[in-house]
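**Student:** Data file upload_29.txt (compact mmCIF, C-alpha atoms and all ligand atoms) is appended below.
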```
# COMPACT_ATOMS: atom_id res chain seq x y z
CA MET Y 4 -219.70 98.54 230.72
CA ASN Y 5 -222.90 99.73 229.15
CA ASN Y 6 -222.69 101.38 225.82
CA SER Y 7 -225.40 102.50 223.51
CA THR Y 8 -226.18 102.56 219.84
CA ASP Y 9 -229.35 104.03 218.39
CA PHE Y 10 -231.18 100.70 218.41
CA ALA Y 11 -229.35 98.55 220.94
CA GLU Y 12 -227.36 98.53 224.12
CA ILE Y 13 -224.00 96.81 224.39
CA ASN Y 14 -223.79 94.65 227.51
CA GLU Y 15 -220.76 92.87 228.78
CA ILE Y 16 -220.90 89.43 230.40
CA ILE Y 17 -217.80 89.80 232.52
CA ASP Y 18 -217.49 86.16 233.61
CA LEU Y 19 -217.51 84.99 230.03
CA ASP Y 20 -215.51 87.88 228.62
CA GLN Y 21 -218.24 88.26 226.05
CA LYS Y 22 -220.43 91.08 224.87
CA LEU Y 23 -223.97 91.09 223.63
CA LEU Y 24 -226.49 93.50 222.17
CA ARG Y 25 -229.90 94.13 223.69
CA SER Y 26 -232.61 95.84 221.74
CA LYS Y 27 -233.56 99.34 222.87
CA LYS Y 28 -236.67 99.37 220.73
CA TYR Y 29 -239.60 97.20 219.89
CA PHE Y 30 -239.24 95.76 216.41
CA LYS Y 31 -241.86 93.97 214.39
CA LYS Y 32 -240.99 90.97 212.24
CA GLY Y 33 -239.59 92.30 208.95
CA ASP Y 34 -238.36 95.63 210.37
CA ILE Y 35 -234.85 96.81 209.58
CA LEU Y 36 -232.88 97.19 212.82
CA SER Y 37 -229.82 98.69 211.22
CA SER Y 38 -227.96 98.77 207.97
CA PHE Y 39 -224.35 97.79 207.71
CA ALA Y 40 -221.44 98.49 205.41
CA LYS Y 41 -219.38 96.05 203.45
CA SER Y 42 -216.59 98.39 202.54
CA ILE Y 43 -214.07 96.48 204.58
CA ARG Y 44 -213.19 93.21 202.91
CA CYS Y 45 -211.10 90.77 204.89
CA LYS Y 46 -208.52 88.42 203.59
CA GLU Y 47 -208.54 86.61 206.87
CA VAL Y 48 -211.67 84.75 207.88
CA THR Y 49 -212.43 84.86 211.59
CA TYR Y 50 -215.39 84.15 213.83
CA LEU Y 51 -216.29 87.83 213.51
CA THR Y 52 -216.42 88.03 209.73
CA ILE Y 53 -219.51 87.50 207.61
CA GLN Y 54 -219.42 85.58 204.37
CA LEU Y 55 -220.71 87.24 201.21
CA PHE Y 56 -219.55 84.77 198.61
CA GLU Y 57 -217.11 81.92 198.02
CA ASN Y 58 -213.95 83.83 198.89
CA GLU Y 59 -215.45 87.06 200.13
CA HIS Y 60 -215.81 87.87 203.78
CA ILE Y 61 -216.44 91.21 205.44
CA SER Y 62 -216.05 92.63 208.92
CA LEU Y 63 -219.11 94.35 210.17
CA ARG Y 64 -219.36 98.10 210.26
CA PRO Y 65 -220.58 99.54 212.59
CA GLU Y 66 -218.27 97.35 214.62
CA TYR Y 67 -220.65 96.73 217.53
CA LEU Y 68 -222.75 94.51 215.26
CA GLN Y 69 -220.14 91.83 215.88
CA TYR Y 70 -221.58 91.48 219.40
CA ILE Y 71 -224.73 89.91 218.05
CA ASN Y 72 -224.32 86.31 219.15
CA HIS Y 73 -225.45 83.08 217.59
CA SER Y 74 -228.71 81.36 218.49
CA CYS Y 75 -230.37 78.31 216.95
CA ASN Y 76 -233.61 80.21 217.43
CA PRO Y 77 -232.53 83.65 216.19
CA ASN Y 78 -234.52 86.89 216.12
CA SER Y 79 -232.49 88.72 213.50
CA PHE Y 80 -230.87 88.06 210.13
CA PHE Y 81 -227.90 89.70 208.42
CA ASP Y 82 -229.21 90.18 204.90
CA VAL Y 83 -225.93 90.41 203.03
CA ASP Y 84 -227.76 91.08 199.78
CA SER Y 85 -229.52 94.23 200.97
CA LEU Y 86 -226.95 94.95 203.73
CA ASN Y 87 -229.63 95.25 206.38
CA LEU Y 88 -229.99 93.62 209.74
CA ILE Y 89 -233.60 92.45 209.73
CA ALA Y 90 -235.94 91.34 212.53
CA ILE Y 91 -237.22 87.85 211.68
CA LYS Y 92 -239.47 87.84 214.75
CA ASP Y 93 -241.06 90.52 216.87
CA ILE Y 94 -238.33 91.76 219.22
CA LYS Y 95 -239.09 93.22 222.63
CA ILE Y 96 -237.20 96.01 224.37
CA GLY Y 97 -234.33 94.49 226.36
CA GLU Y 98 -234.27 91.27 224.38
CA GLU Y 99 -230.87 89.99 223.29
CA LEU Y 100 -230.33 90.20 219.54
CA THR Y 101 -229.18 86.96 218.00
CA PHE Y 102 -228.60 85.54 214.55
CA PHE Y 103 -227.98 82.09 213.11
CA TYR Y 104 -224.27 81.93 212.19
CA PRO Y 105 -224.75 79.28 209.48
CA SER Y 106 -227.19 81.64 207.71
CA THR Y 107 -224.11 83.34 206.27
CA GLU Y 108 -221.26 80.92 206.96
CA TRP Y 109 -220.69 77.79 204.90
CA GLU Y 110 -217.75 76.46 206.88
CA MET Y 111 -216.80 78.15 210.10
CA VAL Y 112 -213.16 78.65 211.01
CA GLN Y 113 -213.99 78.34 214.69
CA PRO Y 114 -216.73 75.79 215.26
CA PHE Y 115 -218.23 75.89 218.74
CA ASP Y 116 -220.75 74.16 220.96
CA CYS Y 117 -223.95 76.15 221.24
CA PHE Y 118 -225.67 76.60 224.59
CA CYS Y 119 -228.52 78.77 223.35
CA LYS Y 120 -230.97 76.62 225.32
CA SER Y 121 -233.56 76.80 222.57
CA GLU Y 122 -235.66 73.69 221.99
CA ASN Y 123 -234.17 73.17 218.58
CA CYS Y 124 -230.54 73.80 219.60
CA LEU Y 125 -228.23 72.15 217.10
CA GLY Y 126 -225.37 71.71 219.54
CA ARG Y 127 -222.17 71.88 217.54
CA ILE Y 128 -222.15 74.82 215.13
CA GLU Y 129 -219.74 74.33 212.24
CA GLY Y 130 -221.40 76.20 209.38
CA ALA Y 131 -224.20 75.47 206.93
CA SER Y 132 -222.20 72.75 205.16
CA LYS Y 133 -222.63 70.46 208.18
CA ILE Y 134 -226.39 70.91 208.61
CA LYS Y 135 -229.02 68.62 207.05
CA ILE Y 136 -231.16 70.21 204.38
CA ASP Y 137 -234.43 69.64 206.28
CA ILE Y 138 -233.08 71.68 209.17
CA LEU Y 139 -231.52 74.38 206.98
CA LYS Y 140 -234.88 74.76 205.27
CA LYS Y 141 -236.36 76.21 208.45
CA TYR Y 142 -233.92 79.11 208.50
CA GLN Y 143 -233.60 82.27 206.50
CA LEU Y 144 -230.28 81.97 204.65
CA SER Y 145 -228.15 84.30 202.57
CA SER Y 146 -228.62 83.69 198.85
CA PHE Y 147 -225.05 82.38 198.65
CA ILE Y 148 -225.59 79.80 201.41
CA ALA Y 149 -229.00 78.82 200.02
CA ARG Y 150 -227.51 78.16 196.57
CA LYS Y 151 -224.52 76.33 197.99
CA ALA Y 152 -226.83 74.08 200.00
CA GLY Y 153 -228.78 73.18 196.86
CA PHE Y 154 -231.86 75.38 197.22
CA CYS Y 155 -233.39 76.78 194.07
CA PRO Y 156 -232.12 80.21 192.95
CA CYS Y 157 -235.76 81.31 192.49
CA GLY Y 158 -236.17 81.47 196.26
CA SER Y 159 -238.97 78.90 196.50
CA ASN Y 160 -237.28 77.29 199.54
CA ASP Y 161 -237.34 74.02 197.64
CA LEU Y 162 -234.34 72.17 196.26
CA PHE Y 163 -233.21 73.21 192.77
CA SER Y 164 -233.61 69.58 191.70
CA ASN Y 165 -237.31 69.64 192.71
CA CYS Y 166 -238.06 73.15 191.48
CA CYS Y 167 -236.62 74.87 188.42
CA GLN Y 168 -234.00 72.34 187.33
CA PRO Y 169 -236.42 69.80 185.76
CA LYS Y 170 -237.98 72.66 183.75
CA ILE Y 171 -234.65 74.01 182.58
CA GLU Y 172 -233.61 70.50 181.56
CA GLY Y 173 -236.85 69.98 179.63
CA LYS Y 174 -238.10 67.16 181.87
CA GLN Y 175 -241.07 69.11 183.14
CA LYS Y 176 -243.21 71.96 181.85
CA ALA Y 177 -243.96 75.17 183.68
CA ASN Y 178 -247.63 74.93 184.65
CA THR Y 179 -248.14 78.64 185.16
CA ALA Y 180 -246.70 81.95 184.01
CA GLU Y 181 -245.13 82.37 187.43
CA GLU Y 182 -243.45 78.97 187.26
CA LEU Y 183 -241.99 79.89 183.90
CA MET Y 184 -240.85 83.26 185.22
CA ARG Y 185 -239.15 81.63 188.20
CA SER Y 186 -237.44 79.04 186.04
CA ARG Y 187 -236.22 81.78 183.69
CA TYR Y 188 -234.73 83.67 186.63
CA SER Y 189 -232.98 80.45 187.73
CA ALA Y 190 -231.79 79.96 184.15
CA TYR Y 191 -230.17 83.41 184.30
CA ALA Y 192 -228.54 82.47 187.59
CA ILE Y 193 -226.97 79.31 186.14
CA SER Y 194 -226.51 80.68 182.60
CA ALA Y 195 -228.84 78.21 180.88
CA ILE Y 196 -229.04 80.36 177.76
CA ASP Y 197 -230.73 77.82 175.49
CA TYR Y 198 -233.64 77.59 177.91
CA LEU Y 199 -234.00 81.38 177.98
CA ILE Y 200 -234.20 81.45 174.20
CA GLU Y 201 -236.55 78.45 173.93
CA THR Y 202 -238.98 79.98 176.41
CA THR Y 203 -239.11 83.35 174.66
CA TYR Y 204 -242.13 83.84 172.41
CA LYS Y 205 -241.23 83.44 168.73
CA THR Y 206 -241.89 87.08 167.71
CA LEU Y 207 -239.58 88.35 170.44
CA ARG Y 208 -236.99 85.65 169.89
CA ILE Y 209 -235.96 87.13 166.54
CA ASP Y 210 -234.44 90.17 168.28
CA GLN Y 211 -232.44 88.14 170.76
CA SER Y 212 -228.81 87.36 170.57
CA TYR Y 213 -227.37 84.34 172.36
CA LYS Y 214 -224.18 86.27 173.08
CA GLU Y 215 -225.98 89.22 174.68
CA ILE Y 216 -228.12 87.03 176.92
CA GLU Y 217 -225.08 85.04 177.90
CA GLN Y 218 -223.15 88.18 178.77
CA TRP Y 219 -226.03 89.63 180.84
CA SER Y 220 -226.40 86.31 182.63
CA LYS Y 221 -222.71 85.81 183.37
CA GLU Y 222 -221.49 89.30 184.17
CA ASN Y 223 -224.05 89.73 186.95
CA ARG Y 224 -224.16 87.85 190.21
CA TRP Y 225 -227.79 86.88 190.72
CA GLN Y 226 -228.70 87.26 194.38
CA LYS Y 227 -232.42 86.78 194.80
CA LEU Y 228 -235.83 86.99 193.24
CA GLU Y 229 -238.88 88.62 194.75
CA VAL Y 230 -242.21 87.92 193.09
CA LEU Y 231 -244.42 90.93 193.85
CA LYS Y 232 -247.62 90.18 191.95
CA SER Y 233 -248.61 87.15 190.02
CA PHE Y 234 -251.54 86.88 187.59
CA GLU Y 235 -252.55 84.32 185.00
CA ASN Y 236 -250.60 85.99 182.18
CA SER Y 237 -248.24 88.33 183.95
CA VAL Y 238 -245.79 88.51 186.83
CA GLU Y 239 -244.29 91.55 188.48
CA PHE Y 240 -240.95 90.87 190.13
CA LYS Y 241 -237.69 92.28 191.39
CA ALA Y 242 -234.42 90.53 190.63
CA TYR Y 243 -231.50 91.55 192.85
CA PHE Y 244 -228.03 91.28 191.42
CA LEU Y 245 -224.53 92.67 191.61
CA ASP Y 246 -223.39 94.07 188.28
CA ASP Y 247 -219.92 93.59 186.79
CA SER Y 248 -218.52 96.32 189.04
CA LYS Y 249 -220.15 94.60 192.06
CA LYS Y 250 -222.70 97.36 192.47
CA GLN Y 251 -226.09 96.37 193.83
CA GLN Y 252 -228.80 96.56 191.19
CA ILE Y 253 -232.49 95.78 191.21
CA HIS Y 254 -234.23 94.82 188.01
CA HIS Y 255 -237.94 95.56 188.46
CA GLU Y 256 -240.12 94.23 185.67
CA LYS Y 257 -243.65 93.29 184.81
CA SER Y 258 -243.42 90.39 182.40
CA THR Y 259 -246.21 89.13 180.21
CA PHE Y 260 -246.51 85.51 179.12
CA THR Y 261 -248.30 83.70 176.31
CA PHE Y 262 -249.64 80.15 176.47
CA GLU Y 263 -249.36 78.36 173.14
CA ASN Y 264 -249.41 74.68 172.13
CA GLY Y 265 -249.31 73.57 175.74
CA SER Y 266 -246.34 75.73 176.80
CA TRP Y 267 -245.80 79.09 178.41
CA PHE Y 268 -243.56 81.67 176.74
CA TYR Y 269 -242.16 85.02 177.85
CA SER Y 270 -243.69 87.49 175.43
CA SER Y 271 -242.93 91.00 176.71
CA GLY Y 272 -241.49 92.95 179.57
CA GLU Y 273 -242.22 96.38 180.97
CA PHE Y 274 -239.41 97.82 183.07
CA MET Y 275 -240.66 99.60 186.15
ZN ZN K 1 -228.20 76.46 219.99
ZN ZN K 2 -237.19 77.39 191.49
```
Render the structure in this file as structure tokens.
Ligand SMILES: [Zn+2]
Ligand SMILES: [Zn+2]

**Tutor:**
Amino acid sequence: MNNSTDFAEINEIIDLDQKLLRSKKYFKKGDILSSFAKSIRCKEVTYLTIQLFENEHISLRPEYLQYINHSCNPNSFFDVDSLNLIAIKDIKIGEELTFFYPSTEWEMVQPFDCFCKSENCLGRIEGASKIKIDILKKYQLSSFIARKAGFCPCGSNDLFSNCCQPKIEGKQKANTAEELMRSRYSAYAISAIDYLIETTYKTLRIDQSYKEIEQWSKENRWQKLEVLKSFENSVEFKAYFLDDSKKQQIHHEKSTFTFENGSWFYSSGEFM
């Protein structure tokens, strides 16, 4: 059986009773191959569902996306935050589309032995929880999996304990405006309200209420941070989050920072 979608062809491997998708187009690294819907939430977790959060799993729509098989050397990534299937390498016409199952799955209900034949094949695939951090580091992961594995919410690809945590706990100072910005994003993600107040410049701090910051921090689910431009005193960024009704929101801001008495402070923000 050969079936077609707008970007890929569905092939059947009859001997294995398995299907796969082959690209019909040339994609460059970073291109969006397709978007997908998350309207269907599943109570039951299967090898076809994709994990969004602790107890949230979705089936893929369009359904043929489920034929994208696992590889330890994948060429695509299901970005569950933006709901796009993204090329993480250049993809040639006719090439099989693959993704790394543990990039979205913490513990898989049906572990399997991988025969992807790539040099770095991990063998048994059981979910991200069973993979060493040094190996996980090499893969693009969903923000949920990255957090669960101990990576910093700020997206630095470093462990939280080596990145923003020492700053939030007052053991280390932010050396640059960007470092402070990143640590403040992480503080929102873990609801470290005191740190957010302490790192706000004194003139702005007067207008801030602990309760309001706490509410804003807790009612949203912080997905990821994208630093767009970084200068000595300012940082432009996008913070992706789900609001209290689980709607995707993007907070786009240019923040300005002030250096005083050896510390950086957030002094103003311009919403873009
Ligand atoms: Zn493999
Ligand atoms: Zn960080």

**Student:** Hey, can you pull every residue with an atom no more than 12 Å from (-236.8, 85.9, 206.7), using only C-alpha atoms, and send it as a PyMOL selection string?

**Tutor:** chain Y and resi 32-35+77-82+87-93+102-103+106+140-146+158+160

**Student:** Check which residues of chain Y sit at most 12 Å from ligand ZN 2 (chain K) using all atoms listed in the file, and return one row each with the closest pair of atoms and their distance in Å to one decimal, ordered by chain and rising number, as a Markdown table.

**Tutor:**
```
| residue | atom | partner | partner_atom | distance |
| --- | --- | --- | --- | --- |
| Y:Ala149 | CA | K:ZN2 | ZN | 11.9 |
| Y:Arg150 | CA | K:ZN2 | ZN | 11.0 |
| Y:Gly153 | CA | K:ZN2 | ZN | 10.8 |
| Y:Phe154 | CA | K:ZN2 | ZN | 8.1 |
| Y:Cys155 | CA | K:ZN2 | ZN | 4.6 |
| Y:Pro156 | CA | K:ZN2 | ZN | 6.0 |
| Y:Cys157 | CA | K:ZN2 | ZN | 4.3 |
| Y:Gly158 | CA | K:ZN2 | ZN | 6.4 |
| Y:Ser159 | CA | K:ZN2 | ZN | 5.5 |
| Y:Asn160 | CA | K:ZN2 | ZN | 8.1 |
| Y:Asp161 | CA | K:ZN2 | ZN | 7.0 |
| Y:Leu162 | CA | K:ZN2 | ZN | 7.6 |
| Y:Phe163 | CA | K:ZN2 | ZN | 5.9 |
| Y:Ser164 | CA | K:ZN2 | ZN | 8.6 |
| Y:Asn165 | CA | K:ZN2 | ZN | 7.8 |
| Y:Cys166 | CA | K:ZN2 | ZN | 4.3 |
| Y:Cys167 | CA | K:ZN2 | ZN | 4.0 |
| Y:Gln168 | CA | K:ZN2 | ZN | 7.3 |
| Y:Pro169 | CA | K:ZN2 | ZN | 9.5 |
| Y:Lys170 | CA | K:ZN2 | ZN | 9.1 |
| Y:Ile171 | CA | K:ZN2 | ZN | 9.9 |
| Y:Ala177 | CA | K:ZN2 | ZN | 10.6 |
| Y:Glu181 | CA | K:ZN2 | ZN | 10.2 |
| Y:Glu182 | CA | K:ZN2 | ZN | 7.7 |
| Y:Leu183 | CA | K:ZN2 | ZN | 9.3 |
| Y:Met184 | CA | K:ZN2 | ZN | 9.3 |
| Y:Arg185 | CA | K:ZN2 | ZN | 5.7 |
| Y:Ser186 | CA | K:ZN2 | ZN | 5.7 |
| Y:Arg187 | CA | K:ZN2 | ZN | 9.0 |
| Y:Tyr188 | CA | K:ZN2 | ZN | 8.3 |
| Y:Ser189 | CA | K:ZN2 | ZN | 6.4 |
| Y:Ala190 | CA | K:ZN2 | ZN | 9.5 |
| Y:Tyr191 | CA | K:ZN2 | ZN | 11.7 |
| Y:Ala192 | CA | K:ZN2 | ZN | 10.8 |
| Y:Ile193 | CA | K:ZN2 | ZN | 11.7 |
| Y:Lys227 | CA | K:ZN2 | ZN | 11.0 |
| Y:Leu228 | CA | K:ZN2 | ZN | 9.9 |
| Y:Glu229 | CA | K:ZN2 | ZN | 11.8 |
| Y:Val230 | CA | K:ZN2 | ZN | 11.8 |
```

**Student:** I'd like the contact shell of range 9-22 of chain Y - 12 Å cut-off, only C-alpha atoms, skipping same-chain residues fewer than 2 positions apart - returned as a VMD selection string.

**Tutor:** chain Y and resid 4 to 7 24 to 30 34 to 38 65 to 73 88 94 to 101

**Student:** Taking all atoms listed in the file into account, name the residue in Y:Ser233, Y:Ser121, Y:Gln251, Y:Gln211 that is nearest to ligand ZN 1 (chain K).

**Tutor:** Y:Ser121

**Student:** Step by step, measure atom-to-atom distances between ligand ZN 1 (chain K) and each residue using all atoms listed in the file, keep those at most 7 Å, then write them as number ranges by chain.

**Tutor:** Y: 74-75, 117-121, 123-126

**Student:** Would you mind exporting C-alpha atoms of the selected residues as an mmCIF file, in the coordinates of the input?

**Tutor:**
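That gives us part.cif:
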```cif
data_model
loop_
_atom_site.group_PDB
_atom_site.id
_atom_site.type_symbol
_atom_site.label_atom_id
_atom_site.label_comp_id
_atom_site.auth_asym_id
_atom_site.auth_seq_id
_atom_site.Cartn_x
_atom_site.Cartn_y
_atom_site.Cartn_z
ATOM 1 C CA SER Y 74 -228.710 81.360 218.490
ATOM 2 C CA CYS Y 75 -230.370 78.310 216.950
ATOM 3 C CA CYS Y 117 -223.950 76.150 221.240
ATOM 4 C CA PHE Y 118 -225.670 76.600 224.590
ATOM 5 C CA CYS Y 119 -228.520 78.770 223.350
ATOM 6 C CA LYS Y 120 -230.970 76.620 225.320
ATOM 7 C CA SER Y 121 -233.560 76.800 222.570
ATOM 8 C CA ASN Y 123 -234.170 73.170 218.580
ATOM 9 C CA CYS Y 124 -230.540 73.800 219.600
ATOM 10 C CA LEU Y 125 -228.230 72.150 217.100
ATOM 11 C CA GLY Y 126 -225.370 71.710 219.540
#
```

**Student:** Could you check how far CA of Ile53 in chain Y sits from CA of Phe240 in chain Y, in Å to one decimal?

**Tutor:** 27.9 Å

**Student:** Between Y:Trp109, Y:Tyr213, Y:Tyr204, Y:Phe268, single out the one closest to Val48 in chain Y, counting all atoms listed in the file.

**Tutor:**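 Smallest separation from Val48 in chain Y among the options: Y:Trp109.
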
**Student:** Calculate how many Å separate CA of Ser237 in chain Y from CA of Gly265 in chain Y, rounding to one decimal.

**Tutor:**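 So the two atoms, CA of Ser237 in chain Y and CA of Gly265 in chain Y, lie 16.9 Å apart.
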
**Student:** When you count all atoms listed in the file, which of these residues is closest to Gln252 in chain Y: Y:Asn264, Y:Ser62, Y:Ser270, Y:Ser85?

**Tutor:**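 Looking only at the distances to Gln252 in chain Y, the closest residue turns out to be Y:Ser85.
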
**Student:** Ranking Y:Lys205, Y:Lys135, Y:Arg127, Y:His60 by minimum distance to Phe260 in chain Y and counting all atoms listed in the file, which one comes first?

**Tutor:**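 Of the candidates, the smallest distance to Phe260 in chain Y is held by Y:Lys205.
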
**Student:** Expressed in Å to a single decimal, how great is the separation between CA of Glu108 in chain Y and CA of Leu245 in chain Y?

**Tutor:**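 Rounded to one decimal, the two atoms are 19.6 Å apart.
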
**Student:** Pick the closest to Phe244 in chain Y from Y:Ser220, Y:Ser132, Y:Ser258, Y:Ser266: which is it, counting all atoms listed in the file?

**Tutor:**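 Closest to Phe244 in chain Y of all the choices is Y:Ser220.
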
**Student:** Compare Y:Lys257, Y:Phe147, Y:Lys241, Y:Glu122 by their minimum atom-to-atom distance to Glu59 in chain Y, counting all atoms listed in the file, and give me the closest one.

**Tutor:**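 Looking only at the distances to Glu59 in chain Y, the closest residue turns out to be Y:Phe147.
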
**Student:** Please list as a PyMOL selection string every residue within 7 Å of Glu110 in chain Y, counting only C-alpha atoms and excluding residues in the same chain fewer than 5 positions away.

**Tutor:** chain Y and resi 129-132

**Student:** Can you tell me, as a PyMOL selection string, what residues are no more than 9 Å from Lys41 in chain Y when counting all atoms listed in the file, ignoring any on the same chain fewer than 6 positions away?

**Tutor:** chain Y and resi 60-64+83+86

**Student:** Report, as AutoDock Vina command-line options, the centre and edge lengths in Å (one decimal) of the axis-aligned box enclosing every listed atom of range 17-30 of chain Y, padded by 6 Å on each side.

**Tutor:**
```
--center_x -227.6 --center_y 92.2 --center_z 225.0 --size_x 36.1 --size_y 26.4 --size_z 29.2
```
